[in-house]
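What follows is the content of work.txt, which has compact mmCIF, C-alpha atoms:
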```
# COMPACT_ATOMS: atom_id res chain seq x y z
CA MET A 1 73.78 -29.92 41.01
CA THR A 2 74.50 -33.52 41.95
CA ALA A 3 77.65 -34.09 43.95
CA ALA A 4 80.00 -36.81 42.77
CA VAL A 5 80.51 -40.05 44.67
CA GLU A 6 83.72 -39.99 46.67
CA PRO A 7 86.78 -40.93 44.57
CA GLY A 8 87.83 -44.54 45.03
CA ALA A 9 84.46 -45.63 46.43
CA THR A 10 82.92 -48.91 45.33
CA ALA A 11 80.07 -48.64 42.80
CA ALA A 12 77.68 -50.74 44.87
CA LEU A 13 77.02 -51.29 48.55
CA GLN A 14 76.69 -54.79 49.95
CA VAL A 15 74.00 -54.44 52.59
CA ARG A 16 73.07 -57.13 55.09
CA ILE A 17 69.99 -56.59 57.23
CA ARG A 18 69.09 -58.67 60.27
CA ARG A 19 65.51 -59.89 59.98
CA GLY A 20 64.78 -61.91 63.09
CA GLU A 21 67.15 -64.85 63.20
CA ALA A 22 68.07 -64.52 59.53
CA VAL A 23 70.23 -61.99 57.71
CA ALA A 24 69.05 -60.80 54.29
CA ALA A 25 71.53 -59.52 51.69
CA PHE A 26 70.91 -56.67 49.26
CA THR A 27 72.98 -54.76 46.72
CA VAL A 28 72.32 -51.04 46.51
CA PRO A 29 73.92 -48.48 44.16
CA ARG A 30 76.23 -46.10 45.94
CA ARG A 31 75.13 -42.49 45.59
CA ALA A 32 76.61 -39.15 46.51
CA ASN A 33 75.85 -37.91 50.06
CA GLN A 34 73.92 -41.12 50.72
CA THR A 35 72.79 -41.72 54.29
CA VAL A 36 72.17 -45.10 55.87
CA LEU A 37 68.47 -44.23 56.04
CA ASP A 38 68.54 -43.54 52.27
CA VAL A 39 69.90 -47.05 51.74
CA VAL A 40 67.17 -48.68 53.84
CA THR A 41 64.48 -46.63 52.11
CA GLU A 42 65.81 -47.57 48.68
CA ILE A 43 65.76 -51.27 49.59
CA GLN A 44 62.20 -51.05 50.88
CA ARG A 45 60.91 -49.11 47.86
CA ASP A 46 62.77 -50.95 45.08
CA GLN A 47 63.65 -54.42 46.35
CA ASP A 48 61.61 -55.62 49.33
CA PRO A 49 58.48 -53.74 50.39
CA THR A 50 58.08 -56.05 53.41
CA LEU A 51 61.16 -54.60 55.12
CA ALA A 52 60.11 -52.90 58.36
CA TYR A 53 61.93 -49.86 59.78
CA ARG A 54 60.97 -46.56 61.34
CA PHE A 55 61.69 -42.94 60.48
CA ALA A 56 59.89 -39.61 60.39
CA CYS A 57 61.77 -36.32 60.04
CA ARG A 58 64.96 -37.37 58.20
CA VAL A 59 66.79 -34.34 59.62
CA GLY A 60 67.92 -35.48 63.08
CA MET A 61 65.04 -34.07 65.10
CA CYS A 62 62.53 -36.84 65.78
CA GLY A 63 64.83 -39.61 67.05
CA SER A 64 62.92 -42.44 65.41
CA CYS A 65 65.48 -43.87 62.94
CA GLY A 66 67.96 -45.39 65.41
CA MET A 67 69.56 -48.64 64.23
CA THR A 68 72.73 -50.60 64.82
CA VAL A 69 75.09 -49.86 61.94
CA ASN A 70 78.11 -52.15 61.66
CA GLY A 71 77.86 -52.96 65.36
CA ARG A 72 77.40 -49.41 66.61
CA PRO A 73 74.09 -47.71 67.49
CA ARG A 74 73.48 -44.59 65.39
CA TRP A 75 70.82 -42.20 64.08
CA THR A 76 70.68 -43.31 60.47
CA CYS A 77 69.25 -40.15 58.90
CA ARG A 78 72.40 -38.19 59.74
CA THR A 79 74.87 -41.02 59.24
CA ARG A 80 76.63 -40.87 55.89
CA VAL A 81 77.42 -44.21 54.29
CA ALA A 82 80.83 -42.87 53.25
CA ALA A 83 81.71 -42.25 56.90
CA VAL A 84 80.77 -45.66 58.27
CA ALA A 85 81.27 -48.04 55.33
CA PRO A 86 84.23 -46.90 53.24
CA ASP A 87 84.62 -50.46 51.89
CA GLY A 88 80.95 -50.62 50.90
CA ASP A 89 79.81 -53.22 53.46
CA LEU A 90 76.88 -52.41 55.72
CA LEU A 91 75.39 -54.61 58.44
CA LEU A 92 72.14 -53.14 59.76
CA GLU A 93 70.48 -54.50 62.90
CA PRO A 94 67.80 -53.26 65.29
CA LEU A 95 68.80 -51.29 68.38
CA ARG A 96 70.10 -53.42 71.23
CA ASN A 97 68.31 -53.71 74.61
CA LEU A 98 64.81 -53.23 73.13
CA PRO A 99 62.29 -55.85 71.95
CA VAL A 100 62.18 -56.18 68.18
CA VAL A 101 58.79 -55.59 66.57
CA LYS A 102 59.96 -56.58 63.08
CA ASP A 103 63.25 -56.33 61.20
CA LEU A 104 64.76 -52.95 62.14
CA ALA A 105 61.78 -51.59 64.10
CA VAL A 106 62.00 -51.93 67.88
CA ASP A 107 59.38 -51.45 70.57
CA MET A 108 60.26 -48.23 72.42
CA GLU A 109 57.71 -48.82 75.20
CA PRO A 110 60.25 -50.08 77.81
CA PHE A 111 62.40 -47.03 77.05
CA PHE A 112 59.58 -44.56 77.69
CA GLU A 113 58.24 -46.56 80.63
CA LYS A 114 61.58 -45.92 82.31
CA TRP A 115 61.21 -42.18 81.64
CA ARG A 116 57.98 -42.37 83.64
CA ARG A 117 59.62 -44.43 86.42
CA ALA A 118 62.39 -41.83 86.67
CA HIS A 119 59.72 -39.08 86.99
CA GLY A 120 60.90 -37.70 83.66
CA TYR A 121 57.97 -35.29 83.44
CA PHE A 122 57.55 -31.74 84.68
CA GLU A 123 55.63 -31.48 87.95
CA PRO A 124 54.21 -27.97 88.52
CA GLY A 125 52.93 -28.75 92.04
CA GLU A 126 49.54 -28.12 93.65
CA ASN A 127 49.64 -24.35 93.35
CA PRO A 128 51.80 -23.27 90.42
CA PRO A 129 52.63 -19.54 90.38
CA ASP A 130 50.52 -17.33 88.13
CA ASP A 131 53.46 -15.44 86.69
CA PHE A 132 56.36 -16.67 84.57
CA ALA A 133 59.39 -17.91 86.46
CA VAL A 134 62.55 -15.90 85.88
CA VAL A 135 65.47 -18.21 85.09
CA GLN A 136 68.80 -16.49 84.51
CA PRO A 137 70.51 -18.04 81.46
CA ASP A 138 73.88 -18.05 83.20
CA SER A 139 72.67 -19.55 86.48
CA ALA A 140 74.28 -22.85 87.53
CA GLU A 141 70.97 -24.74 87.33
CA ARG A 142 70.17 -23.41 83.87
CA ARG A 143 73.61 -24.39 82.58
CA GLU A 144 73.11 -27.95 83.89
CA VAL A 145 69.74 -28.08 82.13
CA ASP A 146 71.23 -26.71 78.90
CA ALA A 147 73.83 -29.49 78.89
CA GLY A 148 71.17 -32.21 78.65
CA ILE A 149 67.99 -30.64 77.26
CA GLU A 150 68.58 -31.41 73.58
CA CYS A 151 67.83 -35.14 73.94
CA ILE A 152 65.61 -36.39 71.08
CA ASN A 153 64.74 -39.76 72.68
CA CYS A 154 66.36 -41.75 69.89
CA GLY A 155 67.37 -44.62 72.21
CA VAL A 156 70.96 -44.76 70.92
CA CYS A 157 72.42 -44.30 74.42
CA TYR A 158 70.02 -46.92 75.77
CA ALA A 159 71.19 -49.40 73.10
CA ALA A 160 74.85 -48.59 73.80
CA CYS A 161 74.54 -49.05 77.58
CA ASP A 162 76.06 -52.26 78.95
CA LEU A 163 74.27 -51.78 82.28
CA VAL A 164 70.85 -52.01 80.60
CA THR A 165 71.99 -55.29 79.03
CA TRP A 166 73.14 -56.64 82.39
CA ASN A 167 70.20 -55.32 84.42
CA PRO A 168 67.05 -54.88 82.30
CA ASP A 169 65.45 -52.88 85.14
CA TYR A 170 68.17 -50.21 85.00
CA LEU A 171 66.56 -46.89 84.11
CA GLY A 172 69.14 -46.11 81.46
CA PRO A 173 71.03 -42.99 80.41
CA ALA A 174 68.22 -41.11 78.64
CA ALA A 175 65.69 -41.34 81.49
CA LEU A 176 68.33 -40.39 84.07
CA ASN A 177 69.55 -37.50 81.90
CA ARG A 178 65.96 -36.25 81.70
CA ALA A 179 65.57 -36.59 85.47
CA TRP A 180 68.74 -34.52 85.95
CA THR A 181 67.41 -31.68 83.77
CA LEU A 182 64.23 -31.64 85.89
CA VAL A 183 66.15 -31.77 89.18
CA ASN A 184 67.78 -28.54 88.00
CA ASP A 185 64.51 -26.98 86.84
CA VAL A 186 63.77 -24.31 89.48
CA ARG A 187 60.03 -24.38 88.60
CA ASP A 188 59.62 -28.11 89.26
CA ARG A 189 58.03 -29.23 92.56
CA ASP A 190 58.91 -32.93 92.59
CA ARG A 191 62.62 -32.78 93.38
CA ASP A 192 62.50 -35.12 96.40
CA GLY A 193 60.20 -37.61 94.70
CA ARG A 194 62.38 -37.66 91.61
CA LEU A 195 65.58 -38.16 93.59
CA ALA A 196 63.93 -41.04 95.45
CA ALA A 197 62.80 -42.54 92.12
CA VAL A 198 66.32 -42.55 90.66
CA ALA A 199 68.16 -43.61 93.84
CA GLY A 200 67.04 -47.25 93.85
CA ASP A 201 68.91 -50.38 92.87
CA ALA A 202 68.13 -49.86 89.17
CA GLY A 203 68.82 -46.12 89.34
CA CYS A 204 71.75 -43.78 88.96
CA HIS A 205 74.05 -45.60 91.40
CA SER A 206 74.13 -48.63 89.09
CA CYS A 207 76.04 -46.62 86.46
CA HIS A 208 79.62 -47.88 86.08
CA SER A 209 80.78 -44.82 84.09
CA HIS A 210 81.58 -46.88 81.00
CA MET A 211 80.85 -43.67 79.06
CA SER A 212 79.21 -45.60 76.19
CA CYS A 213 76.15 -43.30 76.27
CA THR A 214 78.32 -40.21 76.12
CA GLU A 215 80.45 -41.59 73.31
CA HIS A 216 77.51 -42.74 71.19
CA CYS A 217 75.02 -39.87 71.72
CA PRO A 218 74.37 -38.38 68.27
CA LYS A 219 73.50 -35.03 69.85
CA GLY A 220 76.80 -34.86 71.69
CA LEU A 221 75.18 -34.96 75.14
CA SER A 222 76.88 -36.48 78.18
CA PRO A 223 74.40 -38.60 80.15
CA THR A 224 77.32 -39.99 82.20
CA PHE A 225 77.87 -36.58 83.77
CA ALA A 226 74.13 -36.07 84.27
CA ILE A 227 74.04 -39.40 86.12
CA ALA A 228 77.07 -38.27 88.17
CA GLY A 229 75.05 -35.20 89.14
CA LEU A 230 72.18 -37.42 90.27
CA LYS A 231 74.62 -39.51 92.34
CA ARG A 232 75.77 -36.35 94.10
CA GLU A 233 72.28 -35.05 94.76
CA THR A 234 70.88 -38.39 95.93
CA GLY A 235 73.94 -38.76 98.19
CA LYS A 236 73.36 -35.31 99.69
CA ALA A 237 69.64 -36.06 100.13
CA ALA A 238 70.50 -39.27 102.02
CA LEU A 239 72.91 -37.36 104.29
CA ARG A 240 70.23 -34.72 104.97
CA ARG A 241 67.77 -37.48 105.96
CA LEU A 242 70.35 -39.02 108.30
CA TRP A 243 71.06 -35.61 109.85
CA LYS A 244 67.36 -34.96 110.50
CA ARG A 245 66.88 -38.44 111.97
CA GLY A 246 69.92 -38.07 114.24
CA MET B 247 74.84 -56.70 67.65
CA THR B 248 76.56 -53.88 69.47
CA ARG B 249 79.91 -54.95 70.73
CA ALA B 250 81.79 -51.73 70.04
CA SER B 251 81.30 -50.52 73.59
CA LEU B 252 83.49 -53.37 74.81
CA ARG B 253 86.45 -51.81 73.06
CA ARG B 254 85.88 -48.38 74.59
CA PRO B 255 88.31 -46.95 77.12
CA GLY B 256 85.53 -46.39 79.68
CA PHE B 257 84.61 -50.07 79.58
CA ALA B 258 88.27 -51.07 79.81
CA ALA B 259 88.67 -48.76 82.83
CA ALA B 260 85.68 -50.31 84.62
CA LEU B 261 86.86 -53.84 83.82
CA ILE B 262 90.42 -53.25 85.03
CA HIS B 263 89.12 -51.45 88.13
CA ARG B 264 86.95 -54.40 89.04
CA LEU B 265 89.52 -57.11 88.28
CA SER B 266 92.24 -55.30 90.24
CA GLY B 267 89.77 -54.92 93.13
CA ILE B 268 89.10 -58.68 93.09
CA ALA B 269 92.86 -59.36 93.03
CA LEU B 270 93.34 -57.11 96.07
CA ALA B 271 90.41 -58.73 97.88
CA LEU B 272 91.96 -62.16 97.30
CA PHE B 273 95.33 -60.93 98.53
CA LEU B 274 94.13 -59.36 101.78
CA PRO B 275 93.26 -62.63 103.63
CA MET B 276 96.68 -64.05 102.70
CA HIS B 277 98.28 -60.84 103.97
CA PHE B 278 96.51 -61.18 107.31
CA ILE B 279 97.49 -64.86 107.56
CA ALA B 280 101.14 -63.82 107.03
CA LEU B 281 100.86 -61.14 109.70
CA GLY B 282 99.11 -63.63 111.99
CA THR B 283 102.15 -65.88 111.98
CA ALA B 284 103.96 -63.14 113.94
CA LEU B 285 101.68 -63.89 116.87
CA GLN B 286 103.34 -67.28 117.07
CA GLY B 287 106.82 -65.78 117.31
CA ALA B 288 109.43 -64.08 115.15
CA ASP B 289 110.87 -67.37 113.94
CA ARG B 290 107.52 -68.48 112.58
CA LEU B 291 107.13 -65.18 110.67
CA GLU B 292 110.70 -65.35 109.35
CA SER B 293 110.27 -68.90 108.12
CA PHE B 294 107.03 -67.90 106.39
CA LEU B 295 108.71 -64.88 104.78
CA GLY B 296 111.48 -67.21 103.61
CA LEU B 297 108.90 -69.04 101.50
CA THR B 298 108.20 -65.81 99.61
CA GLN B 299 111.80 -65.44 98.36
CA ASN B 300 111.22 -67.06 95.01
CA GLY B 301 110.66 -65.68 91.53
CA PHE B 302 106.96 -66.48 91.34
CA VAL B 303 106.10 -64.67 94.56
CA ARG B 304 108.30 -61.68 93.62
CA THR B 305 106.52 -61.39 90.27
CA ALA B 306 103.15 -61.70 91.98
CA GLU B 307 104.25 -58.98 94.40
CA TRP B 308 105.00 -56.68 91.48
CA GLY B 309 101.59 -57.50 90.02
CA LEU B 310 100.00 -56.69 93.35
CA VAL B 311 101.69 -53.28 93.53
CA CYS B 312 100.48 -52.57 89.97
CA ALA B 313 96.95 -53.74 90.88
CA LEU B 314 96.90 -51.52 93.95
CA ALA B 315 98.15 -48.51 91.96
CA VAL B 316 95.76 -49.01 89.05
CA HIS B 317 92.82 -49.58 91.42
CA MET B 318 93.61 -46.36 93.25
CA ALA B 319 94.15 -44.33 90.03
CA LEU B 320 90.93 -45.54 88.39
CA GLY B 321 89.04 -45.10 91.67
CA LEU B 322 90.21 -41.49 91.85
CA ARG B 323 88.99 -41.05 88.26
CA VAL B 324 85.50 -42.24 89.21
CA LEU B 325 85.47 -40.01 92.30
CA ALA B 326 86.57 -37.03 90.19
CA ILE B 327 83.73 -37.65 87.70
CA GLU B 328 81.10 -38.17 90.35
CA TRP B 329 82.02 -35.68 93.06
CA LEU B 330 84.23 -33.04 91.43
CA ARG B 331 82.10 -32.59 88.28
CA TYR B 332 85.16 -33.47 86.25
CA ARG B 333 84.31 -33.73 82.53
CA GLU B 334 87.07 -35.95 81.28
CA ARG B 335 88.53 -36.92 77.96
CA THR B 336 88.12 -40.62 78.71
CA ALA B 337 90.83 -42.16 76.56
CA LEU B 338 93.42 -39.66 77.77
CA VAL B 339 92.53 -39.97 81.46
CA VAL B 340 92.31 -43.78 81.43
CA SER B 341 95.63 -43.98 79.60
CA GLY B 342 97.12 -41.65 82.23
CA CYS B 343 95.78 -43.85 85.05
CA LEU B 344 97.30 -46.98 83.50
CA ALA B 345 100.61 -45.25 82.81
CA THR B 346 100.77 -43.99 86.40
CA ALA B 347 100.08 -47.49 87.73
CA PHE B 348 102.82 -49.09 85.63
CA ALA B 349 105.24 -46.30 86.54
CA ILE B 350 104.63 -47.10 90.21
CA GLY B 351 105.17 -50.79 89.43
CA LEU B 352 108.42 -49.91 87.69
CA LEU B 353 109.57 -47.85 90.67
CA PHE B 354 108.81 -50.84 92.87
CA LEU B 355 111.03 -53.02 90.68
CA LEU B 356 113.82 -50.44 90.56
CA GLY B 357 113.57 -50.03 94.31
CA GLY B 358 115.06 -53.51 94.74
CA ALA B 359 111.93 -55.57 95.04
```
Render the structure in this file as structure tokens.
Amino acid sequence: MTAAVEPGATAALQVRIRRGEAVAAFTVPRRANQTVLDVVTEIQRDQDPTLAYRFACRVGMCGSCGMTVNGRPRWTCRTRVAAVAPDGDLLLEPLRNLPVVKDLAVDMEPFFEKWRRAHGYFEPGENPPDDFAVVQPDSAERREVDAGIECINCGVCYAACDLVTWNPDYLGPAALNRAWTLVNDVRDRDRDGRLAAVAGDAGCHSCHSHMSCTEHCPKGLSPTFAIAGLKRETGKAALRRLWKRG
Amino acid sequence: MTRASLRRPGFAAALIHRLSGIALALFLPMHFIALGTALQGADRLESFLGLTQNGFVRTAEWGLVCALAVHMALGLRVLAIEWLRYRERTALVVSGCLATAFAIGLLFLLGGA
């Protein structure tokens, strides 16, 4: 059964897409339950096969379809047109803070490079234990990890972050959120190295708590509070170093 | 491109926090100059204070009290987020901070400023 288009909606969508310096205009029929990704796909298949964009899963798992929709970074596969463009006007642009490859496709390399700089990878240590680690689901560390573990690396928080715009070296919300989940991973053996990696000038202490990452995250995560956790732990680590030195 | 974040309460809070901090930093040297006149005698201080009895300075004084209050309220918000693990509802908390600051400013006015 095909659902009806929302009552009162316009019959066609006026879609503008930023393509480098220029903005191209398209008209696309409005359809029931249409997502922004559906609109882009329809344009590429029926009107302009040279339009470049990126997607994979279409169900909010892979994090590859991030775009700026009417001035706000979003995952487009789970963004209904009816929710963001009730008047039928869509302006689609690439994600902010990342180099544009072509049209709506951005280069994610700087984003993932910062994950590496923040030690956003599990470090089992020289002699990992043979047996499974027992992690109680209701332990404080596990709850902190649970709060941030569902990140899909879509880059929406990174595009929303004003600090990344002001300081391109800033590690950004996603990398710092990942670092926080690993700081709380009781199996990980790189806690001190990771805290040192995120404590620098472009690390967690640069966050101004604008909350843009938290407000834009499509998964409902709160990188701001993960970064606050890193500020606490790096602060405590600095005090411990001072205590030992004194 | 993305400009929506500029209209967010978290951004407004950071902006107001910083601007009020700059206002206070600019005021402090003038405050110390005023206090320094006391070293040259009570008459010198009194004559300086006499210069402040005009509408412009009184309004600026009210603004300064508001700036101090809003800087403190928004600073406490940041400390609560960072050190007390406080998970806030941003719009509500920032609105509360601003309301508190203006209430303090109003009390200052009602107190016969």
Practice problem: For Ala260 (chain B), list every protein, DNA or RNA residue within 8 Å, evaluated using only C-alpha atoms, and leave out those in the same chain fewer than 4 positions away; present the list as a PyMOL selection string. | Solution: (chain A and resi 208-210) or (chain B and resi 256+264)
Let's have the selection written as a PDB file, keeping the file's coordinate frame, with C-alpha atoms.
```pdb
ATOM      1  CA  HIS A 208      79.620 -47.880  86.080  1.00  0.00           C
ATOM      2  CA  SER A 209      80.780 -44.820  84.090  1.00  0.00           C
ATOM      3  CA  HIS A 210      81.580 -46.880  81.000  1.00  0.00           C
TER       4      HIS A 210
ATOM      5  CA  GLY B 256      85.530 -46.390  79.680  1.00  0.00           C
ATOM      6  CA  ARG B 264      86.950 -54.400  89.040  1.00  0.00           C
TER       7      ARG B 264
END
```
Can you pull out the residues contacting Val100 (chain A)? Cut-off 12 Å, using all atoms listed in the file, and skip same-chain residues under 3 positions away; I want them as a compact mmCIF listing (two decimals) with C-alpha atoms, keeping the file's coordinate frame.
```txt
# COMPACT_ATOMS: atom_id res chain seq x y z
CA ARG A 18 69.09 -58.67 60.27
CA ARG A 19 65.51 -59.89 59.98
CA GLY A 20 64.78 -61.91 63.09
CA GLU A 21 67.15 -64.85 63.20
CA ALA A 52 60.11 -52.90 58.36
CA TYR A 53 61.93 -49.86 59.78
CA ARG A 54 60.97 -46.56 61.34
CA MET A 67 69.56 -48.64 64.23
CA GLU A 93 70.48 -54.50 62.90
CA PRO A 94 67.80 -53.26 65.29
CA LEU A 95 68.80 -51.29 68.38
CA ARG A 96 70.10 -53.42 71.23
CA ASN A 97 68.31 -53.71 74.61
CA ASP A 103 63.25 -56.33 61.20
CA LEU A 104 64.76 -52.95 62.14
CA ALA A 105 61.78 -51.59 64.10
CA VAL A 106 62.00 -51.93 67.88
CA ASP A 107 59.38 -51.45 70.57
CA MET A 108 60.26 -48.23 72.42
CA GLU A 109 57.71 -48.82 75.20
CA PRO A 110 60.25 -50.08 77.81
```
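Restricting the calculation to only C-alpha atoms, the smallest distance between Leu281 (chain B) and any of B:Trp329, B:Leu295, B:Thr346, B:Leu322 is found for B:Leu295.
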Quiz item: With all atoms listed in the file as the atoms that count, which of A:Pro86, A:Gly148, A:Gly125, A:Gly66 lies nearest to Gly220 (chain A)?
Solution: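 Smallest distance to Gly220 (chain A) is found for A:Gly148.
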Exercise. Excluding Arg335 (chain B) and any residue of its chain fewer than 3 positions from it, enumerate the residues within 12 Å of it, using only C-alpha atoms, and give them as a list in words.
Key: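 Using only C-alpha atoms, the neighbours found are Met211, Thr214, Glu215 and Ser222 of chain A; Pro255, Gly256, Arg323, Ile327, Tyr332, Leu338, Val339, Val340, Ser341 and Gly342 of chain B.
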Self-check item: Close residues, Gln34 (chain A) itself excluded, 7 Å, only C-alpha atoms, min 4 positions apart in chain, as a count of residues only
Solution: 3
Practice problem: With a distance threshold of 12 Å and counting all atoms listed in the file, extract the residues of chain A near chain B and express them as a PyMOL selection string. | Solution: chain A and resi 17-18+67-74+91-98+144+147+156-163+165+204-205+207-216+221-236
Just want the 9 Å neighbourhood of Lys219 (chain A), counted on only C-alpha atoms, with same-chain residues fewer than 5 positions away dropped. Output as a tab-separated table (two decimals) with C-alpha atoms, in the coordinates of the input.
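Printed below is part-v4.tsv as written:
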```tsv
chain	number	residue	atom	x	y	z
A	60	GLY	CA	67.92	-35.48	63.08
A	150	GLU	CA	68.58	-31.41	73.58
A	151	CYS	CA	67.83	-35.14	73.94
A	152	ILE	CA	65.61	-36.39	71.08
```
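Between CA of Arg143 (chain A) and CA of Asp188 (chain A) the interatomic distance comes to 15.9 Å.
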Quiz prompt | Length of the CA of Gln14 (chain A) to CA of Ala85 (chain A) vector [Å] | solution = 9.8 Å
Self-check item: For CA of Phe273 (chain B) and CA of Gly309 (chain B), the interatomic separation in Å (one decimal)
Solution: 11.1 Å
Practice problem: Select all residues near (76.0, -54.9, 50.3) (cut-off 12 Å, inclusive, file coordinates), counting all atoms listed in the file, and output them as number ranges by chain. | Solution: A: 10-17, 23-30, 36, 39-40, 43, 70, 81, 85-92
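Among the candidates A:Ile149, A:Val186, A:Ala118, A:Ala174, the residue lying nearest to Gly203 (chain A) is A:Ala118 (atoms considered: all atoms listed in the file).
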Practice problem: Please return, as a ChimeraX atom specification, all polymer residues that have at least one atom within 10 Å of the point (67.8, -33.6, 87.0); use all atoms listed in the file and the file's own coordinate frame. | Solution: /A:118-120,141,144-145,148,175-185,191,194-195,198,226-227,229-230,233
Exercise. Check the smallest atom-to-atom distance from each of A:Ala133, A:Ala32, A:Ala196, A:Cys57 to Ala83 (chain A) using all atoms listed in the file, then report the winner.
Key: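 Once distances to Ala83 (chain A) are computed over all atoms listed in the file, the minimum belongs to A:Ala32.
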